[in-house]
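One file, protein.txt, carrying compact mmCIF, C-alpha atoms and all ligand atoms:
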# COMPACT_ATOMS: atom_id res chain seq x y z
CA MET A 1 108.88 199.08 91.17
CA LYS A 2 106.17 201.70 90.96
CA LEU A 3 102.61 200.47 91.34
CA LEU A 4 100.66 201.88 88.41
CA TYR A 5 97.22 200.37 88.98
CA GLU A 6 95.58 198.02 91.44
CA GLY A 7 92.39 196.26 90.50
CA LYS A 8 90.37 193.65 92.39
CA ALA A 9 92.37 190.68 91.09
CA LYS A 10 95.56 192.15 89.63
CA ARG A 11 98.27 194.74 90.12
CA LEU A 12 100.25 196.48 87.38
CA PHE A 13 103.76 197.82 87.95
CA GLU A 14 106.02 199.97 85.80
CA THR A 15 109.28 198.37 84.68
CA GLU A 16 112.54 199.91 83.49
CA ARG A 17 111.02 199.92 79.97
CA PRO A 18 108.23 202.41 79.28
CA ASP A 19 106.48 200.01 76.90
CA GLU A 20 106.39 197.03 79.30
CA LEU A 21 104.49 196.48 82.54
CA LEU A 22 104.61 193.75 85.16
CA MET A 23 101.20 192.19 85.80
CA GLU A 24 100.70 190.41 89.12
CA PHE A 25 97.78 188.02 89.70
CA LYS A 26 96.45 188.34 93.26
CA ASP A 27 94.77 185.68 95.39
CA ASP A 28 91.90 188.08 96.18
CA ALA A 29 88.49 186.94 95.02
CA THR A 30 85.60 189.39 94.85
CA ALA A 31 82.01 189.25 93.65
CA PHE A 32 79.00 191.55 93.44
CA ASN A 33 81.21 194.56 92.75
CA GLY A 34 83.52 193.83 95.65
CA GLU A 35 80.80 193.28 98.29
CA LYS A 36 81.91 189.68 98.79
CA LYS A 37 85.65 189.32 99.28
CA GLU A 38 87.99 186.48 100.22
CA GLN A 39 91.54 185.33 99.80
CA LEU A 40 91.75 182.11 97.78
CA GLU A 41 95.15 180.53 98.20
CA ASN A 42 96.75 179.75 94.83
CA LYS A 43 94.18 181.60 92.73
CA GLY A 44 96.81 184.04 91.43
CA ARG A 45 99.10 181.20 90.40
CA VAL A 46 96.34 179.22 88.65
CA ASN A 47 94.86 182.24 86.85
CA LYS A 48 98.28 183.42 85.68
CA LYS A 49 99.12 180.00 84.27
CA LEU A 50 95.75 179.63 82.58
CA SER A 51 95.86 183.11 81.08
CA LEU A 52 99.33 182.46 79.73
CA LEU A 53 98.36 179.12 78.15
CA LEU A 54 95.21 180.60 76.60
CA TYR A 55 97.07 183.67 75.28
CA ASN A 56 99.57 181.30 73.64
CA LEU A 57 96.74 179.33 72.09
CA LEU A 58 95.10 182.48 70.75
CA GLU A 59 98.39 183.94 69.45
CA LYS A 60 98.76 180.76 67.39
CA GLU A 61 95.34 181.53 65.90
CA GLY A 62 96.49 185.03 64.95
CA ILE A 63 94.98 186.97 67.88
CA LYS A 64 97.29 189.64 69.29
CA THR A 65 97.52 189.81 73.08
CA HIS A 66 99.39 192.00 75.53
CA PHE A 67 101.45 189.03 76.78
CA ILE A 68 105.22 189.35 76.30
CA ARG A 69 106.95 186.89 78.63
CA ASP A 70 106.54 184.82 81.75
CA VAL A 71 108.26 185.90 84.97
CA ASP A 72 107.35 183.67 87.90
CA GLU A 73 104.39 181.92 89.55
CA ILE A 74 102.18 185.01 89.72
CA ASN A 75 103.80 187.60 87.45
CA MET A 76 104.12 188.16 83.72
CA ILE A 77 105.46 190.97 81.54
CA VAL A 78 102.83 192.57 79.30
CA LYS A 79 102.71 195.40 76.78
CA ARG A 80 101.70 198.77 78.16
CA VAL A 81 98.24 199.52 76.84
CA GLU A 82 95.54 202.04 77.60
CA ILE A 83 92.62 199.86 78.67
CA ILE A 84 89.43 200.58 76.73
CA LEU A 85 86.70 201.12 79.33
CA VAL A 86 84.34 198.70 77.61
CA GLU A 87 84.12 195.12 78.89
CA VAL A 88 83.04 192.73 76.16
CA VAL A 89 80.99 189.70 77.22
CA THR A 90 80.35 186.92 74.71
CA ARG A 91 77.70 184.33 75.51
CA ASN A 92 76.95 180.91 74.03
CA VAL A 93 74.62 179.65 76.76
CA VAL A 94 72.24 181.56 79.04
CA ALA A 95 73.60 182.17 82.55
CA GLY A 96 74.08 184.91 85.13
CA SER A 97 72.82 188.37 84.28
CA LEU A 98 71.44 187.29 80.89
CA ALA A 99 69.06 184.89 82.65
CA LYS A 100 68.00 187.71 85.00
CA ARG A 101 67.58 190.23 82.17
CA THR A 102 65.64 188.04 79.75
CA GLY A 103 63.90 185.40 81.86
CA LEU A 104 65.52 182.72 79.72
CA LYS A 105 66.51 179.63 81.72
CA GLU A 106 70.11 179.13 82.76
CA GLY A 107 71.55 176.45 80.46
CA HIS A 108 69.47 177.40 77.41
CA VAL A 109 71.80 177.15 74.41
CA LEU A 110 71.67 180.29 72.25
CA THR A 111 71.12 179.85 68.51
CA GLU A 112 74.05 182.21 67.91
CA PRO A 113 76.52 183.94 70.23
CA ILE A 114 75.46 187.21 71.85
CA VAL A 115 78.08 189.94 72.32
CA GLU A 116 77.39 192.52 75.02
CA THR A 117 79.26 195.65 76.09
CA TYR A 118 79.54 196.92 79.65
CA TYR A 119 80.93 200.22 80.95
CA LYS A 120 84.04 199.38 82.98
CA ASP A 121 83.33 201.59 85.98
CA ASP A 122 83.22 200.03 89.45
CA SER A 123 81.51 203.05 90.98
CA LEU A 124 78.55 202.41 88.65
CA GLY A 125 78.69 198.61 88.98
CA ASP A 126 79.79 198.04 85.34
CA PRO A 127 76.39 198.69 83.68
CA LEU A 128 75.33 197.22 80.33
CA ILE A 129 75.69 199.83 77.58
CA ASN A 130 75.16 199.91 73.80
CA SER A 131 77.18 201.41 70.95
CA ASP A 132 75.34 204.75 71.23
CA HIS A 133 76.43 205.07 74.88
CA ILE A 134 79.97 204.12 73.91
CA ARG A 135 80.07 206.75 71.17
CA VAL A 136 78.50 209.56 73.17
CA LEU A 137 80.61 208.84 76.27
CA LYS A 138 83.64 208.66 73.93
CA LEU A 139 84.77 205.34 75.42
CA ALA A 140 85.81 204.02 72.00
CA SER A 141 85.47 204.90 68.35
CA GLU A 142 82.97 203.18 66.07
CA ASP A 143 85.83 201.31 64.37
CA GLU A 144 87.19 200.17 67.71
CA VAL A 145 83.81 198.87 68.85
CA ASN A 146 83.46 196.87 65.63
CA GLU A 147 86.97 195.54 66.15
CA LEU A 148 86.25 194.52 69.77
CA LYS A 149 83.15 192.63 68.69
CA ARG A 150 84.88 191.01 65.72
CA GLN A 151 87.84 189.88 67.83
CA SER A 152 85.55 188.61 70.60
CA LEU A 153 83.62 186.41 68.15
CA THR A 154 86.85 185.02 66.67
CA ILE A 155 88.20 184.32 70.14
CA ASN A 156 84.87 182.67 71.01
CA LYS A 157 85.24 180.30 68.05
CA ASP A 158 88.83 179.40 68.95
CA LEU A 159 88.17 178.98 72.68
CA THR A 160 84.91 177.08 72.20
CA ALA A 161 86.62 174.56 69.92
CA PHE A 162 89.48 174.14 72.38
CA PHE A 163 87.37 173.82 75.54
CA THR A 164 84.94 171.42 73.88
CA SER A 165 87.93 169.18 73.08
CA ILE A 166 88.76 168.97 76.80
CA GLY A 167 85.18 168.31 77.91
CA ILE A 168 84.36 171.84 79.01
CA GLN A 169 81.46 173.97 77.80
CA LEU A 170 82.43 177.62 77.35
CA VAL A 171 79.21 179.25 78.54
CA ASP A 172 80.32 182.89 78.43
CA PHE A 173 83.35 185.07 79.07
CA LYS A 174 84.44 188.67 79.55
CA LEU A 175 87.30 190.28 77.64
CA GLU A 176 89.11 193.58 77.94
CA PHE A 177 91.12 195.22 75.21
CA GLY A 178 93.74 197.97 75.18
CA ARG A 179 95.33 200.48 72.84
CA VAL A 180 99.05 199.81 72.51
CA TYR A 181 101.56 202.37 73.83
CA PRO A 182 103.01 204.69 72.56
CA ASP A 183 100.70 205.65 69.68
CA PHE A 184 97.54 203.98 71.04
CA LYS A 185 96.35 203.00 67.54
CA GLU A 186 96.48 199.20 67.58
CA VAL A 187 93.87 197.42 69.72
CA ILE A 188 94.90 194.12 71.32
CA LEU A 189 93.54 191.67 73.87
CA ALA A 190 94.56 192.54 77.45
CA ASP A 191 93.63 191.60 81.03
CA GLU A 192 93.17 187.89 81.80
CA ILE A 193 91.30 184.79 80.64
CA SER A 194 90.57 182.58 83.63
CA PRO A 195 87.78 180.99 85.65
CA ASP A 196 87.34 184.46 87.20
CA THR A 197 86.28 185.87 83.83
CA CYS A 198 84.70 182.88 82.07
CA ARG A 199 81.94 180.43 82.86
CA PHE A 200 83.07 176.83 82.39
CA TRP A 201 80.71 173.86 82.81
CA ASP A 202 81.84 170.26 82.71
CA ILE A 203 80.19 168.80 79.59
CA GLU A 204 79.51 165.42 81.20
CA THR A 205 78.33 166.39 84.67
CA GLY A 206 77.23 169.99 84.14
CA GLU A 207 79.29 170.96 87.17
CA LYS A 208 80.40 174.58 87.39
CA MET A 209 84.20 175.04 87.23
CA ASP A 210 84.47 178.82 87.57
CA LYS A 211 83.89 181.81 89.81
CA ASP A 212 80.18 181.00 90.16
CA ARG A 213 81.38 178.46 92.77
CA PHE A 214 82.59 181.45 94.80
CA ARG A 215 79.68 183.77 93.93
CA ARG A 216 77.12 181.10 94.89
CA ASP A 217 79.02 179.50 97.80
CA LEU A 218 79.24 176.10 96.09
CA GLY A 219 82.58 175.19 97.69
CA ASP A 220 85.74 173.69 96.16
CA VAL A 221 86.46 176.92 94.31
CA ILE A 222 90.20 176.57 93.86
CA GLU A 223 89.94 172.81 93.28
CA SER A 224 87.69 173.53 90.28
CA TYR A 225 90.05 176.19 88.95
CA GLU A 226 92.90 173.68 89.26
CA GLN A 227 90.83 171.07 87.42
CA VAL A 228 90.42 173.49 84.50
CA LEU A 229 94.17 174.20 84.56
CA THR A 230 95.05 170.48 84.60
CA ARG A 231 92.83 169.79 81.59
CA VAL A 232 94.19 172.77 79.66
CA GLU A 233 97.80 171.83 80.49
CA ASP A 234 97.24 168.20 79.47
CA ALA A 235 95.79 169.30 76.13
CA VAL A 236 98.48 171.86 75.42
CA LEU A 237 101.45 169.75 76.53
CA HIS A 238 100.42 166.49 74.84
P1 LIG B 301 77.24 188.03 84.03
O1 LIG B 301 76.34 186.94 83.58
O2 LIG B 301 77.31 188.18 85.51
O3 LIG B 301 76.95 189.32 83.32
O4 LIG B 301 78.74 187.61 83.58
C1 LIG B 301 79.05 187.35 82.25
C2 LIG B 301 80.50 186.88 82.15
O5 LIG B 301 81.40 187.91 82.51
C3 LIG B 301 80.86 185.71 83.05
O6 LIG B 301 81.71 184.83 82.34
C4 LIG B 301 81.60 186.32 84.19
C5 LIG B 301 82.24 187.52 83.58
N1 LIG B 301 82.31 188.65 84.50
C6 LIG B 301 83.55 189.22 84.78
O7 LIG B 301 84.59 188.76 84.30
N2 LIG B 301 83.58 190.28 85.62
C7 LIG B 301 82.47 190.82 86.17
O8 LIG B 301 82.58 191.80 86.91
C8 LIG B 301 81.20 190.22 85.86
C9 LIG B 301 79.94 190.76 86.46
C10 LIG B 301 81.17 189.15 85.02
N1 LIG B 302 84.41 190.95 89.42
C1 LIG B 302 83.26 191.58 90.02
C2 LIG B 302 83.51 191.92 91.47
O1 LIG B 302 84.56 191.81 91.96
C3 LIG B 302 81.98 190.84 89.87
C4 LIG B 302 81.96 189.37 89.57
O2 LIG B 302 82.88 188.83 88.97
O3 LIG B 302 80.95 188.74 89.92
O4 LIG B 302 82.66 192.32 92.20
Could you write out this structure as structure tokens?
Ligand code: TMP
Ligand code: ASP
Amino acid sequence: MKLLYEGKAKRLFETERPDELLMEFKDDATAFNGEKKEQLENKGRVNKKLSLLLYNLLEKEGIKTHFIRDVDEINMIVKRVEIILVEVVTRNVVAGSLAKRTGLKEGHVLTEPIVETYYKDDSLGDPLINSDHIRVLKLASEDEVNELKRQSLTINKDLTAFFTSIGIQLVDFKLEFGRVYPDFKEVILADEISPDTCRFWDIETGEKMDKDRFRRDLGDVIESYEQVLTRVEDAVLH
């Protein structure tokens, strides 16, 4: 199969169908724009399973995703989309770069969710941008930007309700969207939803259960990812 794209955590391959791609979840973990890099055994498997379960949950709530069907431990078939080069971060609680940018304390609960847009460009370090930048750089149309924000807030509602029910606080998360091949008109959720792209805190203990364990050298990275997966699986299967 022809490799179409390799990112830091995933690979995309062409299939025999032009409208379907194979998405492989790698064990590679990176942080600080790739400066810190390690192999985390099983990360691909856990992130694929979690993404799949969360896509299913969102599809039931009427959100369209690129997921088509499961393949094996680390691969799934997805719709071919043209990824919109705008990463959408939704935040419920202050953490990470928002704490740095505003001086607000990590853990401060926001009175309403904040939606931010970042330019998906590794060579620039994915900088924060606003709708004027997006329009002038022609990264997305005005309608698309509104749609990305609207979908992100809906997804935030659905995911927050679900994670709260399994004792996990959804602090923030990053989403990517794509325009569906072949006419590139419809915009759907793409990429992954996993502890690599979300911040999850245990509601009881406050313990971090996401990639901050890797970024901040807190240890037990994959064990925490597996704990999230176990809780999600238990909730979905029972
Ligand atoms: P930040 O606080 O570092 O800006 O991160 C906000 C959210 O976005 C957090 O859930 C982690 C996620 N994220 C990614 O998925 N990829 C990235 O490259 C970065 C910097 C953050
Ligand atoms: N994903 C980014 C990187 O690989 C940053 C991060 O998640 O912290 O560097």
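Distance annotation: of A:Ile134, A:Pro113, A:Val86, A:Lys105, the residue with the minimal separation from A:Leu148 is A:Val86; atom set is only C-alpha atoms.
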Open item on the list: For stretch 23-37 of chain A, find every residue with an atom within 8 Å (counting only C-alpha atoms), except residues of its own chain fewer than 4 positions away, and show them as a list in words.
Closed with: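 Once the adjacent positions are removed, what remains is Lys8, Ala9, Lys10, Arg11, Leu12, Phe13, Glu41, Asn42, Lys43, Gly44, Arg45, Asn47, Lys48, Ile74, Asn75, Met76, Ile77, Val78, Asp122, Gly125, Phe214 and Arg215 of chain A.
The space separating atom CA of A:Val145 from atom CA of A:Val109 comes to 25.4 Å.
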Open item on the list: Counting all atoms listed in the file, what are the residues, protein, DNA or RNA alike, that approach ligand LIG 301 (chain B) to within 10 Å? I want them as a PyMOL selection string.
Closed with: chain A and resi 8+30-34+87-91+94-101+116-118+120-122+125-128+170-176+192-200+210-212+215
Task: Distance of atom CA of A:Gly219 from atom CA of A:Glu106, expressed in Å to one decimal place - done: 19.8 Å
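Rounded to one decimal, atom CA of A:Phe67 and atom CA of A:Tyr55 lie 7.1 Å from each other.
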TODO: Determine, counting all atoms listed in the file, which protein, DNA and RNA residues have an atom within 10 Å of an atom of A:Leu137; residues of the same chain fewer than 5 positions away are not included. Present the result as a list in words.
DONE: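 After dropping sequence-adjacent residues, the list is Tyr119, Ser131 and Asp132 of chain A.
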Take the residues just selected and output them with C-alpha atoms as a PDB file, keeping the file's coordinate frame.
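selection.pdb, freshly written:
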ATOM      1  CA  TYR A 119      80.930 200.220  80.950  1.00  0.00           C
ATOM      2  CA  SER A 131      77.180 201.410  70.950  1.00  0.00           C
ATOM      3  CA  ASP A 132      75.340 204.750  71.230  1.00  0.00           C
TER       4      ASP A 132
END
Report as an mmCIF file with C-alpha atoms, in the frame of the given file all protein, DNA and RNA residues lying within 8 Å of A:His66, evaluated on all atoms listed in the file, omitting residues in the same chain fewer than 3 positions from it.
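result-v5.cif written:
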data_model
loop_
_atom_site.group_PDB
_atom_site.id
_atom_site.type_symbol
_atom_site.label_atom_id
_atom_site.label_comp_id
_atom_site.auth_asym_id
_atom_site.auth_seq_id
_atom_site.Cartn_x
_atom_site.Cartn_y
_atom_site.Cartn_z
ATOM 1 C CA VAL A 78 102.830 192.570 79.300
ATOM 2 C CA LYS A 79 102.710 195.400 76.780
ATOM 3 C CA ARG A 80 101.700 198.770 78.160
ATOM 4 C CA VAL A 81 98.240 199.520 76.840
ATOM 5 C CA ILE A 188 94.900 194.120 71.320
ATOM 6 C CA LEU A 189 93.540 191.670 73.870
ATOM 7 C CA ALA A 190 94.560 192.540 77.450
ATOM 8 C CA ASP A 191 93.630 191.600 81.030
#
Task: Residue with smallest distance to ligand LIG 302 (chain B) - pool A:Ser165, A:Leu52, A:Leu57, A:Leu124, counting all atoms listed in the file - done: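 When distances to ligand LIG 302 (chain B) are compared using all atoms listed in the file, the smallest one comes from A:Leu124.
With only C-alpha atoms as the atoms that count, the minimum distance from A:Lys138 to the choices A:His108, A:Ile168, A:Ile84, A:Ala161 is reached by A:Ile84.
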Task: Residues near A:Phe163, cut-off 10 Å, only C-alpha atoms, skip fewer than 3 positions along chain, as JSON, numbers by chain - done: {"A": [158, 159, 160, 166, 167, 168, 169, 170, 200, 201, 202, 203, 228, 231, 232, 235]}
TODO: Anything within 10 Å of (85.9, 166.7, 92.1): list those residues as number ranges by chain, counting all atoms listed in the file and sticking to the file's coordinates.
DONE: A: 207, 209, 220, 223-224, 227
Box centre and edge lengths (Å, one decimal), axis-aligned, ligand LIG 302 (chain B) plus 4 Å each side, as lines of an AutoDock Vina configuration file:
center_x = 82.8
center_y = 190.5
center_z = 90.6
size_x = 11.6
size_y = 11.6
size_z = 11.2
Open item on the list: Could you check the closest approach to A:Met1 for each of A:Thr164, A:Asn92, A:Leu22, A:Arg69 and tell me which residue wins, using only C-alpha atoms?
Closed with: A:Leu22
TODO: Would you mind listing what lies within 9 Å of A:Asn56 as number ranges by chain, with all atoms listed in the file counted and same-chain residues fewer than 5 positions away left out?
DONE: A: 51, 61, 65, 67
Open item on the list: Let me make sure I understand: among A:Thr15, A:Thr102, A:Ser123, A:Asn130, which one has the smallest atom-to-atom distance to ligand LIG 302 (chain B) if we use all atoms listed in the file?
Closed with: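 Ranked by minimum distance to ligand LIG 302 (chain B), first place goes to A:Ser123.
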TODO: Determine the nearest neighbour of A:Asp183 from the options A:Asp72, A:Glu82, A:Glu38, A:Glu233, counting only C-alpha atoms.
DONE: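 Using only C-alpha atoms, A:Asp183 sits closest to A:Glu82.
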